[in-house]
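So this one's my_file-v2.txt, compact mmCIF, C-alpha atoms and all ligand atoms:
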# COMPACT_ATOMS: atom_id res chain seq x y z
CA MET A 218 37.31 14.22 -38.08
CA ARG A 219 37.96 17.11 -35.76
CA SER A 220 34.96 19.08 -36.91
CA HIS A 221 32.81 15.99 -36.58
CA GLN A 222 33.87 15.63 -32.96
CA THR A 223 33.12 19.25 -32.18
CA HIS A 224 29.80 18.81 -33.83
CA SER A 225 28.74 15.76 -31.85
CA SER A 226 29.98 17.12 -28.56
CA SER A 227 27.95 20.29 -28.99
CA ALA A 228 24.95 18.10 -29.76
CA VAL A 229 25.63 16.25 -26.54
CA SER A 230 25.86 19.45 -24.52
CA PHE A 231 22.65 20.67 -26.09
CA ILE A 232 20.89 17.50 -25.06
CA PHE A 233 22.42 17.82 -21.61
CA PHE A 234 21.12 21.39 -21.44
CA LEU A 235 17.63 20.19 -22.31
CA PHE A 236 17.97 17.49 -19.67
CA LEU A 237 18.85 20.08 -17.03
CA LEU A 238 15.99 22.25 -18.13
CA PHE A 239 13.36 19.56 -17.97
CA SER A 240 14.63 17.11 -15.42
CA PRO A 241 12.71 17.27 -12.17
CA PHE A 242 15.70 15.57 -10.51
CA SER A 243 18.38 18.00 -11.54
CA PHE A 244 20.62 19.01 -8.68
CA SER A 245 24.12 20.35 -8.44
CA THR A 246 26.47 17.39 -8.28
CA SER A 247 29.28 19.12 -6.42
CA LYS A 248 26.96 19.87 -3.54
CA LEU A 249 24.23 17.35 -2.91
CA GLU A 250 21.75 19.52 -1.12
CA PRO A 251 19.93 17.53 1.53
CA VAL A 252 16.26 17.32 0.85
CA LYS A 253 14.30 18.41 3.91
CA ARG A 254 11.00 17.10 5.06
CA ASN A 255 8.17 19.56 5.06
CA PRO A 256 8.58 21.03 8.57
CA LYS A 257 4.79 21.44 8.88
CA ARG A 258 4.45 17.66 9.13
CA LYS A 259 3.72 16.91 12.71
CA GLN A 260 6.52 14.87 14.20
CA SER A 261 10.04 13.90 13.66
CA VAL A 262 12.27 11.55 15.59
CA SER A 263 14.24 12.34 18.73
CA ALA A 264 17.52 10.89 17.47
CA ILE A 265 19.06 8.58 14.92
CA LEU A 266 20.97 5.49 16.08
CA ILE A 267 22.82 3.34 13.58
CA PHE A 268 24.27 -0.17 13.57
CA GLY A 269 26.02 -2.29 10.96
CA ASP A 270 28.98 -2.19 8.59
CA SER A 271 30.88 0.23 6.33
CA THR A 272 27.70 1.30 4.56
CA VAL A 273 26.77 3.18 7.76
CA ASP A 274 30.07 3.54 9.68
CA PRO A 275 31.18 7.20 9.88
CA GLY A 276 34.55 6.32 11.44
CA ASN A 277 34.33 4.00 14.44
CA ASN A 278 37.16 1.93 12.98
CA ASN A 279 39.49 4.94 13.39
CA TYR A 280 39.47 4.07 17.09
CA ILE A 281 40.02 0.32 16.95
CA ASN A 282 42.88 -1.90 15.92
CA THR A 283 41.97 -3.10 12.45
CA ILE A 284 43.36 -2.66 8.96
CA PHE A 285 39.82 -1.86 7.73
CA LYS A 286 40.10 1.90 7.94
CA SER A 287 39.53 4.81 5.61
CA ASP A 288 40.61 7.86 7.61
CA PHE A 289 43.03 9.01 4.92
CA PRO A 290 42.69 10.50 1.43
CA PRO A 291 41.28 10.04 -1.09
CA TYR A 292 38.37 9.08 1.22
CA GLY A 293 36.47 12.21 2.19
CA LEU A 294 37.52 14.03 -0.99
CA ASP A 295 34.05 15.62 -1.32
CA PHE A 296 33.28 15.80 2.40
CA LYS A 297 33.16 19.22 4.09
CA ASN A 298 36.76 20.52 4.26
CA LYS A 299 37.82 17.28 2.50
CA ILE A 300 38.04 15.53 5.87
CA PRO A 301 38.68 11.77 5.65
CA THR A 302 36.32 11.01 8.51
CA GLY A 303 36.54 7.25 8.26
CA ARG A 304 33.49 6.98 6.01
CA PHE A 305 34.21 4.56 3.16
CA CYS A 306 33.11 7.13 0.63
CA ASN A 307 34.18 10.36 -1.04
CA GLY A 308 31.47 12.20 0.90
CA ARG A 309 28.43 11.55 3.04
CA LEU A 310 26.55 8.28 3.58
CA ALA A 311 22.86 7.61 3.01
CA THR A 312 22.33 7.71 6.80
CA ASP A 313 23.76 11.26 6.91
CA PHE A 314 21.20 12.26 4.28
CA ILE A 315 18.42 10.56 6.28
CA ALA A 316 19.45 12.45 9.44
CA SER A 317 19.37 15.80 7.59
CA TYR A 318 16.09 14.96 5.94
CA LEU A 319 14.47 14.28 9.29
CA GLY A 320 15.98 17.47 10.69
CA VAL A 321 17.90 15.64 13.40
CA LYS A 322 21.45 16.59 12.45
CA GLU A 323 23.62 17.09 9.38
CA ASN A 324 26.11 14.27 9.81
CA VAL A 325 25.95 11.32 12.15
CA PRO A 326 29.21 10.96 14.13
CA PRO A 327 30.85 7.71 15.24
CA TYR A 328 30.07 6.73 18.83
CA LEU A 329 33.73 5.94 19.57
CA ASP A 330 34.84 9.51 18.89
CA PRO A 331 36.07 10.58 22.35
CA ASN A 332 35.29 14.26 21.68
CA LEU A 333 31.53 14.04 21.17
CA GLY A 334 29.60 16.75 22.95
CA VAL A 335 26.41 16.04 24.89
CA ASN A 336 24.25 17.39 22.10
CA GLU A 337 25.92 15.16 19.49
CA LEU A 338 25.24 12.19 21.75
CA ILE A 339 21.62 13.10 22.35
CA THR A 340 20.73 13.61 18.67
CA GLY A 341 22.32 10.35 17.64
CA VAL A 342 25.42 8.42 16.73
CA SER A 343 26.49 5.43 14.72
CA PHE A 344 27.80 2.26 16.38
CA ALA A 345 28.55 0.63 13.03
CA SER A 346 31.92 -0.77 12.14
CA ALA A 347 33.25 -1.28 8.62
CA GLY A 348 33.89 -4.94 7.85
CA SER A 349 31.26 -6.16 10.30
CA GLY A 350 28.42 -8.57 9.69
CA TYR A 351 25.64 -10.56 11.34
CA ASP A 352 27.61 -13.80 11.11
CA PRO A 353 29.92 -13.79 14.16
CA LEU A 354 32.72 -15.10 11.97
CA THR A 355 32.79 -12.01 9.71
CA PRO A 356 34.02 -9.43 12.26
CA THR A 357 36.65 -11.90 13.51
CA ILE A 358 38.13 -12.09 10.00
CA THR A 359 38.25 -8.30 9.77
CA ASN A 360 38.92 -7.65 13.50
CA VAL A 361 36.18 -5.05 13.89
CA LEU A 362 33.19 -4.45 16.20
CA ASP A 363 30.78 -7.34 16.00
CA ILE A 364 27.05 -6.75 16.28
CA PRO A 365 26.74 -7.84 19.95
CA THR A 366 29.53 -5.37 20.82
CA GLN A 367 27.63 -2.62 19.00
CA LEU A 368 24.62 -3.49 21.17
CA GLU A 369 26.81 -3.31 24.31
CA TYR A 370 27.97 0.16 23.27
CA PHE A 371 24.32 1.13 22.83
CA LYS A 372 23.65 0.08 26.44
CA GLU A 373 26.59 2.22 27.55
CA TYR A 374 25.17 5.07 25.44
CA LYS A 375 21.85 4.75 27.26
CA ARG A 376 23.58 4.98 30.63
CA LYS A 377 25.29 8.18 29.48
CA LEU A 378 21.95 9.65 28.41
CA GLU A 379 20.34 8.58 31.66
CA SER A 380 22.95 10.48 33.62
CA LYS A 381 22.14 13.62 31.58
CA MET A 382 18.34 13.46 31.42
CA GLY A 383 17.15 10.92 33.97
CA LYS A 384 15.71 7.46 33.39
CA GLU A 385 12.18 8.30 32.29
CA ARG A 386 13.19 10.94 29.76
CA MET A 387 15.95 8.71 28.44
CA LYS A 388 13.46 5.87 27.87
CA LYS A 389 11.07 8.14 26.00
CA HIS A 390 13.95 9.53 23.96
CA ILE A 391 14.97 6.02 22.88
CA GLU A 392 11.36 5.07 22.11
CA GLU A 393 11.08 8.04 19.76
CA ALA A 394 14.45 7.51 18.11
CA LEU A 395 14.93 6.09 14.64
CA PHE A 396 17.13 2.99 14.47
CA VAL A 397 18.84 2.08 11.20
CA VAL A 398 20.51 -1.30 10.70
CA SER A 399 22.59 -2.07 7.61
CA ALA A 400 24.92 -5.04 7.16
CA GLY A 401 25.11 -8.47 5.51
CA THR A 402 27.22 -7.83 2.42
CA ASN A 403 30.44 -8.83 4.17
CA ASP A 404 28.85 -12.06 5.42
CA PHE A 405 28.10 -13.21 1.89
CA VAL A 406 31.01 -11.63 0.02
CA ILE A 407 33.81 -12.24 2.56
CA SER A 408 32.79 -15.12 4.81
CA TYR A 409 30.91 -17.15 2.22
CA PHE A 410 32.43 -16.44 -1.19
CA ILE A 411 35.94 -14.97 -0.81
CA VAL A 412 37.32 -16.69 2.29
CA PRO A 413 34.95 -19.59 1.70
CA ILE A 414 34.95 -20.88 5.30
CA ARG A 415 31.16 -20.91 5.57
CA ARG A 416 30.76 -22.46 2.12
CA LYS A 417 32.27 -25.69 3.49
CA THR A 418 29.51 -26.19 6.04
CA PHE A 419 26.46 -24.26 4.79
CA THR A 420 24.49 -24.44 1.58
CA ILE A 421 23.65 -20.94 0.42
CA GLU A 422 20.03 -21.40 1.56
CA ALA A 423 21.16 -22.51 5.02
CA TYR A 424 23.59 -19.61 5.22
CA GLN A 425 20.85 -17.10 4.33
CA GLN A 426 18.75 -18.51 7.17
CA PHE A 427 21.73 -18.41 9.51
CA VAL A 428 22.48 -14.75 8.76
CA ILE A 429 18.83 -13.83 9.22
CA SER A 430 18.59 -15.70 12.53
CA ASN A 431 21.55 -13.66 13.82
CA LEU A 432 19.93 -10.46 12.61
CA LYS A 433 16.71 -11.47 14.32
CA GLN A 434 18.48 -11.95 17.66
CA PHE A 435 20.00 -8.52 17.28
CA ILE A 436 16.66 -6.83 16.55
CA GLN A 437 15.14 -8.58 19.57
CA GLY A 438 18.06 -7.24 21.62
CA LEU A 439 17.43 -3.70 20.37
CA TRP A 440 13.74 -4.02 21.17
CA LYS A 441 14.51 -5.22 24.73
CA GLU A 442 16.62 -2.08 25.12
CA GLY A 443 13.70 0.11 24.12
CA ALA A 444 14.05 0.54 20.34
CA ARG A 445 10.67 0.84 18.63
CA LYS A 446 11.17 2.41 15.18
CA ILE A 447 13.59 0.27 13.25
CA LEU A 448 14.66 0.36 9.60
CA VAL A 449 16.56 -2.64 8.28
CA ALA A 450 18.40 -2.42 4.97
CA GLY A 451 18.43 -5.38 2.62
CA LEU A 452 21.43 -6.49 0.60
CA PRO A 453 22.57 -4.62 -2.52
CA PRO A 454 22.99 -6.44 -5.86
CA ILE A 455 26.27 -8.01 -4.73
CA GLY A 456 26.99 -9.40 -8.20
CA CYS A 457 27.45 -5.79 -9.41
CA LEU A 458 30.11 -4.78 -6.87
CA PRO A 459 33.30 -4.08 -8.86
CA ILE A 460 35.36 -6.35 -6.57
CA VAL A 461 32.95 -9.25 -7.04
CA ILE A 462 33.09 -8.81 -10.82
CA THR A 463 36.89 -8.76 -10.64
CA LEU A 464 37.19 -11.87 -8.48
CA PHE A 465 34.43 -14.03 -9.89
CA SER A 466 33.55 -13.15 -13.46
CA GLY A 467 36.34 -15.16 -15.09
CA GLU A 468 36.78 -12.50 -17.76
CA ALA A 469 37.11 -9.50 -15.48
CA LEU A 470 39.18 -7.40 -17.85
CA THR A 471 37.08 -7.78 -20.96
CA ASN A 472 33.53 -8.21 -19.77
CA ARG A 473 32.64 -6.39 -16.60
CA CYS A 474 28.96 -7.24 -16.37
CA CYS A 475 27.09 -7.91 -13.14
CA ILE A 476 27.16 -11.57 -12.16
CA ASP A 477 23.53 -12.54 -11.86
CA ARG A 478 24.03 -15.65 -9.75
CA PHE A 479 25.57 -13.51 -7.00
CA SER A 480 22.84 -10.89 -7.12
CA ALA A 481 20.26 -13.70 -6.97
CA VAL A 482 21.68 -14.66 -3.56
CA ALA A 483 20.89 -11.11 -2.42
CA THR A 484 17.39 -11.19 -3.93
CA ASN A 485 16.53 -14.43 -2.14
CA TYR A 486 17.95 -13.17 1.12
CA ASN A 487 15.98 -9.93 0.79
CA TYR A 488 12.78 -11.87 0.23
CA LEU A 489 13.36 -13.97 3.37
CA LEU A 490 14.38 -10.86 5.29
CA GLN A 491 11.18 -8.99 4.44
CA LYS A 492 9.07 -11.94 5.56
CA GLU A 493 11.02 -12.18 8.81
CA LEU A 494 10.77 -8.44 9.51
CA GLY A 495 6.99 -8.67 9.15
CA LEU A 496 6.89 -11.52 11.67
CA MET A 497 9.17 -9.69 14.07
CA GLN A 498 7.01 -6.58 13.96
CA MET A 499 4.01 -8.69 14.95
CA SER A 500 5.79 -10.41 17.82
CA LEU A 501 7.63 -7.41 19.30
CA ALA A 502 4.97 -5.27 20.94
CA GLY A 503 4.85 -1.62 19.91
CA SER A 504 7.50 -2.00 17.24
CA ILE A 505 7.53 -0.71 13.70
CA ILE A 506 10.12 -2.58 11.67
CA LEU A 507 10.45 -1.57 8.04
CA TYR A 508 12.57 -2.83 5.18
CA LEU A 509 14.84 -0.46 3.25
CA ASP A 510 15.05 -1.55 -0.35
CA VAL A 511 18.64 -0.84 -1.24
CA TYR A 512 18.65 -3.53 -3.92
CA ASN A 513 16.18 -2.12 -6.37
CA SER A 514 17.30 1.47 -6.08
CA LEU A 515 20.95 0.50 -6.63
CA TYR A 516 20.03 -1.92 -9.40
CA GLU A 517 18.14 0.80 -11.20
CA ILE A 518 21.10 3.17 -10.91
CA ILE A 519 23.51 0.51 -12.17
CA HIS A 520 21.38 -0.50 -15.12
CA ASP A 521 20.35 2.96 -16.12
CA TYR A 522 23.42 4.84 -14.96
CA ASN A 523 23.29 7.43 -17.75
CA LYS A 524 19.84 8.48 -16.66
CA PHE A 525 21.24 9.26 -13.21
CA GLY A 526 24.18 11.22 -14.62
CA PHE A 527 26.88 8.59 -14.13
CA GLU A 528 29.48 7.51 -16.69
CA GLU A 529 31.22 4.55 -15.04
CA VAL A 530 29.57 1.70 -13.23
CA SER A 531 31.76 -1.42 -13.18
CA SER A 532 34.89 0.01 -11.58
CA GLY A 533 35.43 2.34 -8.64
CA CYS A 534 36.93 5.83 -8.78
CA CYS A 535 39.92 4.96 -6.59
CA GLY A 536 42.93 3.17 -8.11
CA SER A 537 42.20 0.74 -10.90
CA GLY A 538 38.71 0.54 -9.44
CA TYR A 539 38.82 -3.25 -9.66
CA LEU A 540 40.11 -4.30 -6.26
CA GLU A 541 41.09 -1.33 -4.13
CA THR A 542 39.27 -0.61 -0.90
CA SER A 543 40.41 0.44 2.60
CA PHE A 544 44.24 0.50 2.83
CA LEU A 545 44.58 -0.42 -0.86
CA CYS A 546 42.81 2.85 -1.69
CA ASN A 547 45.22 5.32 -0.13
CA PRO A 548 47.02 8.64 -0.70
CA LYS A 549 49.18 7.03 -3.39
CA SER A 550 46.23 5.75 -5.43
CA TYR A 551 45.10 7.20 -8.71
CA VAL A 552 41.83 9.11 -8.23
CA CYS A 553 39.35 9.68 -11.03
CA PRO A 554 38.96 13.35 -11.99
CA ASN A 555 35.21 13.44 -11.39
CA THR A 556 33.78 11.44 -8.50
CA SER A 557 30.20 12.17 -9.46
CA ALA A 558 30.62 10.29 -12.73
CA TYR A 559 31.22 7.07 -10.75
CA VAL A 560 28.56 4.85 -9.20
CA PHE A 561 31.23 3.33 -6.93
CA PHE A 562 33.96 5.26 -5.14
CA ASP A 563 36.11 2.23 -4.40
CA SER A 564 35.72 -1.37 -5.50
CA ILE A 565 32.97 -2.04 -2.92
CA HIS A 566 31.49 1.24 -1.74
CA PRO A 567 29.08 3.57 -3.51
CA SER A 568 30.02 7.18 -4.17
CA GLU A 569 28.25 9.98 -2.33
CA LYS A 570 26.05 10.67 -5.34
CA THR A 571 24.94 7.04 -5.37
CA TYR A 572 24.17 7.12 -1.65
CA PHE A 573 22.18 10.29 -2.23
CA ASN A 574 20.09 8.61 -4.91
CA VAL A 575 19.53 5.53 -2.76
CA PHE A 576 18.50 7.77 0.13
CA LYS A 577 16.07 9.68 -2.10
CA SER A 578 14.41 6.55 -3.42
CA GLN A 579 13.31 5.54 0.09
CA ARG A 580 11.86 8.82 1.35
CA ARG A 581 8.38 7.35 1.62
CA ILE A 582 9.69 4.88 4.20
CA TYR A 583 11.20 7.56 6.47
CA ASP A 584 8.00 9.57 6.26
CA SER A 585 5.88 6.61 7.22
CA ILE A 586 8.02 5.48 10.16
CA VAL A 587 8.19 9.00 11.53
CA GLU A 588 4.44 9.51 11.37
CA LEU A 589 3.48 6.19 12.90
C1 LIG B 601 31.26 15.17 -13.67
O1 LIG B 601 30.42 14.14 -14.15
C2 LIG B 601 29.04 14.45 -14.11
C3 LIG B 601 28.28 13.19 -14.47
O2 LIG B 601 28.69 12.66 -15.70
C4 LIG B 601 28.77 15.62 -15.02
O3 LIG B 601 27.42 15.97 -14.97
C5 LIG B 601 29.62 16.81 -14.59
O4 LIG B 601 29.48 17.87 -15.48
C6 LIG B 601 31.10 16.42 -14.52
N1 LIG B 601 31.86 17.52 -13.95
C7 LIG B 601 33.00 17.95 -14.48
C8 LIG B 601 33.66 19.07 -13.74
O5 LIG B 601 33.49 17.48 -15.49

Final structure tokens representation of the file:
Amino acid sequence: MRSHQTHSSSAVSFIFFLFLLFSPFSFSTSKLEPVKRNPKRKQSVSAILIFGDSTVDPGNNNYINTIFKSDFPPYGLDFKNKIPTGRFCNGRLATDFIASYLGVKENVPPYLDPNLGVNELITGVSFASAGSGYDPLTPTITNVLDIPTQLEYFKEYKRKLESKMGKERMKKHIEEALFVVSAGTNDFVISYFIVPIRRKTFTIEAYQQFVISNLKQFIQGLWKEGARKILVAGLPPIGCLPIVITLFSGEALTNRCCIDRFSAVATNYNYLLQKELGLMQMSLAGSIILYLDVYNSLYEIIHDYNKFGFEEVSSGCCGSGYLETSFLCNPKSYVCPNTSAYVFFDSIHPSEKTYFNVFKSQRRIYDSIVEL
């Protein structure tokens, strides 16, 4: 028995060795080196400006009165100096990887950080707030920054830039900045399915339209304020989030498969979203509005997790992995020994390695928006 085990594990390490040798995607997992764009390519962007929810919030919630925070361990476990910045992740977010890739900055700070230097402001910040959503109800449930408030902070941000560089330069700076918008999961998961307030008055089709109409208003608002290059993330396969499996599968302890009917809600929404983004780009003069396909890249990772070097996909690294997020994932929680074996860090949020893979899958999109 013992010798058999030794035997098979050396076979496994041999195969792993071959994989490392031949895999074009091999990279050190402890340090996810940011891929850089070829610097010979002609332009980049002037700044990166980010709006949305926890998928892109680097810590704005640290500065507001909400229980949806993550500025304590084990969050930040793999971040530089293990700092729990307020990112809902063990490390960096996809938007941090995008910023490095474009050569703008290494990590995108939260706008509400009172200690931001002028240079940090100029090269870009995130206005996003964990727990937020396009549906105005969602941020009232979680008591976080709603999307119109994020837009108000952006206007304040512009005034700050104007005082540093003057109106004309500020306007050009904003025109050449990359805007990234990522939210929607909390609208469907919290406000529609978990709390079910919206389920009483909206069919799922009507709710999808409602969420998109709110998003559309927001994009129009950004455009009026001078935004021109805008990336909008679609929804992830929400039926594969560990918390959704736990709450809705009915057999959450024995069979932790993705729930297809939930992911189908995301697929339909993403289809409508892409159509709407195309229409918006045509109606908002000078705009480039592109869709970020989070769904397919995450779906591929989840369904082929071994190929990407993961071992666990249906529960998060923190706590039991079934339910814990935010204050339920805290310094007292169990933490898995190897974060890079987990697709999810907590029951909702991807691990840094997952964000890195999602970022990498969309490089073509960043290249095209930068060059247009
Ligand atoms: C952590 O897990 C990854 C993915 O399975 C693996 O490649 C790596 O060797 C593990 N690291 C340690 C220290 O066990």

Counting all atoms listed in the file, which of A:Cys535, A:Val406, A:Val325, A:Val449 gets nearest to Arg309 (chain A)?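 That would be A:Val325, the residue with the smallest distance to Arg309 (chain A).
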
Using only C-alpha atoms and all ligand atoms, find each protein or nucleic acid residue lying at most 6 Å from ligand LIG 601 (chain B); present the set as a PyMOL selection string. chain A and resi 526-528+555+557-558

Write out as a PyMOL selection string which residues come within 10 Å of region 268-274 of chain A when counting all atoms listed in the file, dropping same-chain ones fewer than 6 positions away. chain A and resi 285-287+302-306+309-313+325-328+342-351+356+361-364+367-368+371+396-403+449-450+565-567+572

In terms of all atoms listed in the file, the residue from A:Ile460, A:Leu448, A:Ile391, A:Val587 at minimal distance from Asp510 (chain A) is A:Leu448

So how far away is CA of Arg478 (chain A) from CA of Asn513 (chain A), in Å? 16.0 Å

Check the smallest atom-to-atom distance from each of A:Ala502, A:Leu249, A:Val511, A:Ile339 to Ser380 (chain A) using only C-alpha atoms, then report the winner.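 Nearest to Ser380 (chain A): A:Ile339.
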
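With CA of Leu319 (chain A) on one side and CA of Ile267 (chain A) on the other, the separation reads 14.4 Å.
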
Using all atoms listed in the file, find the one residue out of A:Pro290, A:Gly320, A:Gly341, A:Gly533 that sits nearest to Leu266 (chain A).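 Answer, going by the shortest atom-to-atom distance: A:Gly341.
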
Quick one: residues within 12 Å of Ser585 (chain A), all atoms listed in the file, excluding same-chain residues fewer than 2 positions away - as JSON, numbers by chain? {"A": [254, 258, 259, 260, 261, 262, 319, 395, 446, 447, 448, 505, 506, 507, 508, 579, 580, 581, 582, 583, 587, 588, 589]}

For the selection you just gave me, I'd like the residues written to a file as a PDB file, in the frame of the given file, keeping C-alpha atoms.
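Saved as again14.pdb:
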ATOM      1  CA  ARG A 254      11.000  17.100   5.060  1.00  0.00           C
ATOM      2  CA  ARG A 258       4.450  17.660   9.130  1.00  0.00           C
ATOM      3  CA  LYS A 259       3.720  16.910  12.710  1.00  0.00           C
ATOM      4  CA  GLN A 260       6.520  14.870  14.200  1.00  0.00           C
ATOM      5  CA  SER A 261      10.040  13.900  13.660  1.00  0.00           C
ATOM      6  CA  VAL A 262      12.270  11.550  15.590  1.00  0.00           C
ATOM      7  CA  LEU A 319      14.470  14.280   9.290  1.00  0.00           C
ATOM      8  CA  LEU A 395      14.930   6.090  14.640  1.00  0.00           C
ATOM      9  CA  LYS A 446      11.170   2.410  15.180  1.00  0.00           C
ATOM     10  CA  ILE A 447      13.590   0.270  13.250  1.00  0.00           C
ATOM     11  CA  LEU A 448      14.660   0.360   9.600  1.00  0.00           C
ATOM     12  CA  ILE A 505       7.530  -0.710  13.700  1.00  0.00           C
ATOM     13  CA  ILE A 506      10.120  -2.580  11.670  1.00  0.00           C
ATOM     14  CA  LEU A 507      10.450  -1.570   8.040  1.00  0.00           C
ATOM     15  CA  TYR A 508      12.570  -2.830   5.180  1.00  0.00           C
ATOM     16  CA  GLN A 579      13.310   5.540   0.090  1.00  0.00           C
ATOM     17  CA  ARG A 580      11.860   8.820   1.350  1.00  0.00           C
ATOM     18  CA  ARG A 581       8.380   7.350   1.620  1.00  0.00           C
ATOM     19  CA  ILE A 582       9.690   4.880   4.200  1.00  0.00           C
ATOM     20  CA  TYR A 583      11.200   7.560   6.470  1.00  0.00           C
ATOM     21  CA  VAL A 587       8.190   9.000  11.530  1.00  0.00           C
ATOM     22  CA  GLU A 588       4.440   9.510  11.370  1.00  0.00           C
ATOM     23  CA  LEU A 589       3.480   6.190  12.900  1.00  0.00           C
TER      24      LEU A 589
END

Can you tell me how far CA of Ile436 (chain A) sits from CA of Cys457 (chain A), in Å to one decimal?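 Computing the Euclidean distance for CA of Ile436 (chain A) and CA of Cys457 (chain A) yields 28.1 Å.
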